[in-house]
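Shown next, in C-alpha cells, is the structure this report addresses.
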Amino acid sequence: MRINSILFNMFSFVRKTLPDDIYYSRLFIPLRIMYGETAKNKKRAYLRFDVHIANHCNMNCKSCEHFSPLAPKSFIDIKKYENDCSCIAGLINGGGGVDEISLLGGEPLLLNPQLLIDVIKISRSHFPDTAINITTNGLLLNNQTEEFWNCCRTNNINIIVSVYPANIDHYLLMDTAKKHDVQFQFRGNVKLVSKNWKELPIEFMSESWKLFPIDVEGRQNPKKSNALCYASNFSFQLVEGKLYKCWRVAYAKYFNSYFNKQLEVTEDDYIDIYKAASIDEILEKLRKPAPFCRYCKMDGGKAVKWGKSKREISEWVAD
Ligand code: SF4
C-alpha cells in the first residue's frame, strides 16, 4: 500500500509538471497506464457526481463529451431527483460522504428559473456540507433574477463558467457574481487576457482540450482504457436512480439514437443507488473498468479546436 502511495505521488508530480502535449503523446502511454492503475486502485474517500439539469445546450460545441448537440430538448425530473438525493443522503450513514455535486448539462441555465431554484434548494437540503456548483457556459448568466442570485448566496453555491469563444464579457459575469456575493470561478486553468473571447487566440481551446474518440466496434481493452481515462473514478453521473461511471456511458443513448448505433450499456456500467448498501459500495463498483470502456480509444487522443457542431459522427469517432 505504501509503495502504491509513493508511486501515486510520483505520477501526480509528473502529471502536474509536464505540458499536455508531452504528457498525452504516445511516448507517455505506459506511464499514463501505470498512473491510471495506481489512481484507480486508490478508492475515493468521498463520492462526487454530476447531474444534467438540461440535456440540451445553447452553445452546440463540436465533439461535446456529453453529446448535448445530439440530445433532444429535455430537463431533469425534479421529483425523481429529490428521491435520488434522499436515497444517497441516507447511504452516508453507511460510511463515506458526498464531497461535490455539479449541476450542469447541457446548459443548466436553460431550466425554468423556478425549477432551477428548487433544484438548488433540494440539493442543499439533502447535502448541507457538500460543495455544490453550477457549471455553465455563461451565455444566460447575466439574465438571471435577483431571486436566483439570492438563492445561490444563501445556499452557498459556487458558479463555474466554462470559457468558450462566444461573444461574452467574462469580466462582467465575474463582477455580477461578486456584486451578489456569490462564489465564482472559471473552469480549468483559464487566464483571461481580454474582455472578450474574440480577442483571444483560438489555439487556447486546442491547448486545453483533447478528444478521446469512440471506437464504435468496441475493440479496445477496457482495463487499459479505464487506466488511461481522465474521467474514470471522477465524473460519475446521476441519472434517475442510477450512478453511471461517466458521461459517455450515461448519455450514449443520444449518440446511439442520433447515429443509429448500438453502443451497449449494461447493468455492469452503472450502479442502482436504490440497491446499494453504502456510499462505499458505490465507490468500489464505479472505480473499476466498466464493459463500456471498450468503446473508448484512450490512447488516441487528438487536440480539438473549438467550433460549432455539425452533428457529424466524425466529431466523436476515431478516424
Ligand atoms: S467509458 Fe470508461 S474509458 Fe470511456 S470515458 Fe467512461 S470511464 Fe473513461
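Residue numbers start at 1 in each chain; chains themselves are named A, B, ... in the order of the C-alpha cells; ligands are numbered from 1 in the order shown.
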#### Entry: Residues within 7 Å of Ser235 (chain A), only C-alpha atoms, excluding chain neighbours under 3 positions, as JSON, numbers by chain
{"A": [49, 50, 231, 232, 245, 246, 247]}
### Task
Enumerate as a ChimeraX atom specification the residues within 9 Å of ligand 1, counting only C-alpha atoms and all ligand atoms.
/A:65,212,214,222-236,244-250,269,286-298
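Using only C-alpha atoms, the nearest neighbour of Leu263 (chain A) within the list A:Asp118, A:Asp175, A:Asp215, A:Asp280 is A:Asp215.
Distances from A:His170, A:Arg187, A:Lys285, A:Lys261 to Asn158 (chain A) were compared using only C-alpha atoms, and the smallest one belongs to A:Arg187.
Among the candidates A:Ser68, A:Thr130, A:Asn93, A:Asn155, the residue lying nearest to Tyr254 (chain A) is A:Ser68 (atoms considered: only C-alpha atoms).
Residues with any atom within 9 Å of Ile88 (chain A), counting only C-alpha atoms and excluding same-chain neighbours fewer than 5 positions away, are Asn83, Val98, His126, Ile273, Tyr274, Ser278 and Ile279 of chain A.
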Dump N, CA and C atoms for the selected residues as an mmCIF file, in the first residue's frame?
```
data_model
loop_
_atom_site.group_PDB
_atom_site.id
_atom_site.type_symbol
_atom_site.label_atom_id
_atom_site.label_comp_id
_atom_site.auth_asym_id
_atom_site.auth_seq_id
_atom_site.Cartn_x
_atom_site.Cartn_y
_atom_site.Cartn_z
ATOM 1 N N ASN A 83 -35.994 12.327 -4.821
ATOM 2 C CA ASN A 83 -35.924 10.963 -4.259
ATOM 3 C C ASN A 83 -34.489 10.433 -4.299
ATOM 4 N N VAL A 98 -20.483 12.703 0.534
ATOM 5 C CA VAL A 98 -20.514 13.305 -0.806
ATOM 6 C C VAL A 98 -19.775 14.625 -0.710
ATOM 7 N N HIS A 126 -30.455 18.264 1.237
ATOM 8 C CA HIS A 126 -30.007 16.882 1.483
ATOM 9 C C HIS A 126 -28.507 16.786 1.745
ATOM 10 N N ILE A 273 -28.714 3.087 -7.294
ATOM 11 C CA ILE A 273 -28.489 3.606 -5.933
ATOM 12 C C ILE A 273 -29.498 3.018 -4.937
ATOM 13 N N TYR A 274 -30.647 2.590 -5.437
ATOM 14 C CA TYR A 274 -31.667 2.045 -4.532
ATOM 15 C C TYR A 274 -31.333 0.604 -4.101
ATOM 16 N N SER A 278 -24.264 1.128 0.690
ATOM 17 C CA SER A 278 -23.456 2.221 1.252
ATOM 18 C C SER A 278 -22.789 3.018 0.131
ATOM 19 N N ILE A 279 -22.290 4.194 0.495
ATOM 20 C CA ILE A 279 -21.501 5.010 -0.449
ATOM 21 C C ILE A 279 -20.252 4.214 -0.841
#
```
### Task
Write down as number ranges by chain the residues of region 9-170 of chain A whose backbone DSSP state falls under alpha helix (DSSP H).
A: 9-17, 20-23, 29-41, 78-91, 113-126, 146-154, 170
### Message
as an MDAnalysis selection string, please: every residue in region 9-87 of chain A that a backbone DSSP assignment puts in strand (DSSP E).
### Response
chainID A and resid 47:54
Take the residues that were just selected and, keeping N, CA and C atoms, output them as a PDB file, in the first residue's frame.
```
ATOM      1  N   LEU A  47     -17.807  10.431  -2.417  1.00  0.00           N
ATOM      2  CA  LEU A  47     -18.490  10.407  -3.712  1.00  0.00           C
ATOM      3  C   LEU A  47     -18.622  11.828  -4.244  1.00  0.00           C
ATOM      4  N   ARG A  48     -18.408  12.017  -5.527  1.00  0.00           N
ATOM      5  CA  ARG A  48     -18.794  13.269  -6.180  1.00  0.00           C
ATOM      6  C   ARG A  48     -19.583  12.874  -7.428  1.00  0.00           C
ATOM      7  N   PHE A  49     -20.558  13.693  -7.807  1.00  0.00           N
ATOM      8  CA  PHE A  49     -21.300  13.348  -9.018  1.00  0.00           C
ATOM      9  C   PHE A  49     -21.822  14.591  -9.722  1.00  0.00           C
ATOM     10  N   ASP A  50     -22.080  14.407 -11.028  1.00  0.00           N
ATOM     11  CA  ASP A  50     -22.669  15.455 -11.867  1.00  0.00           C
ATOM     12  C   ASP A  50     -24.140  15.118 -12.094  1.00  0.00           C
ATOM     13  N   VAL A  51     -24.936  16.151 -12.300  1.00  0.00           N
ATOM     14  CA  VAL A  51     -26.352  15.960 -12.624  1.00  0.00           C
ATOM     15  C   VAL A  51     -26.685  16.841 -13.817  1.00  0.00           C
ATOM     16  N   HIS A  52     -27.210  16.247 -14.872  1.00  0.00           N
ATOM     17  CA  HIS A  52     -27.695  17.045 -16.009  1.00  0.00           C
ATOM     18  C   HIS A  52     -29.027  17.678 -15.627  1.00  0.00           C
ATOM     19  N   ILE A  53     -29.056  18.987 -15.531  1.00  0.00           N
ATOM     20  CA  ILE A  53     -30.330  19.678 -15.269  1.00  0.00           C
ATOM     21  C   ILE A  53     -31.098  19.841 -16.583  1.00  0.00           C
ATOM     22  N   ALA A  54     -30.330  20.144 -17.640  1.00  0.00           N
ATOM     23  CA  ALA A  54     -30.888  20.152 -19.002  1.00  0.00           C
ATOM     24  C   ALA A  54     -29.937  19.307 -19.846  1.00  0.00           C
TER      25      ALA A  54
END
```
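If only C-alpha atoms are the atoms counted, then among A:Ile92, A:Ala177, A:Ile76, A:Met59 the closest residue to Ser162 (chain A) is A:Met59.
Proximity ranking of A:Gly300, A:Gly241, A:Pro213, A:Pro69 relative to Asp272 (chain A) places A:Gly241 first, based on only C-alpha atoms.
Excluding Asp181 (chain A) itself and any same-chain residue fewer than 2 positions from it, the protein and nucleic acid residues within 9 Å of it, counting only C-alpha atoms, are Trp149, Asn150, Arg153, Thr176, Ala177, Lys178, Lys179 and Gln183 of chain A.
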Using the selection just defined, write its residues with C-alpha atoms as an mmCIF file, in the first residue's frame.
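Saved the output as selection.cif:
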```cif
data_model
loop_
_atom_site.group_PDB
_atom_site.id
_atom_site.type_symbol
_atom_site.label_atom_id
_atom_site.label_comp_id
_atom_site.auth_asym_id
_atom_site.auth_seq_id
_atom_site.Cartn_x
_atom_site.Cartn_y
_atom_site.Cartn_z
ATOM 1 C CA TRP A 149 -28.538 35.130 -7.047
ATOM 2 C CA ASN A 150 -30.006 35.283 -3.539
ATOM 3 C CA ARG A 153 -25.715 33.043 -1.965
ATOM 4 C CA THR A 176 -22.162 40.290 -11.318
ATOM 5 C CA ALA A 177 -21.368 37.292 -9.107
ATOM 6 C CA LYS A 178 -19.156 39.443 -6.911
ATOM 7 C CA LYS A 179 -21.873 42.075 -6.566
ATOM 8 C CA GLN A 183 -18.620 32.342 -5.238
#
```
### Task
Kindly indicate which residue among A:Arg311, A:Glu281, A:Ile271, A:His180 lies nearest to Val239 (chain A), using only C-alpha atoms for the distances.
A:Ile271
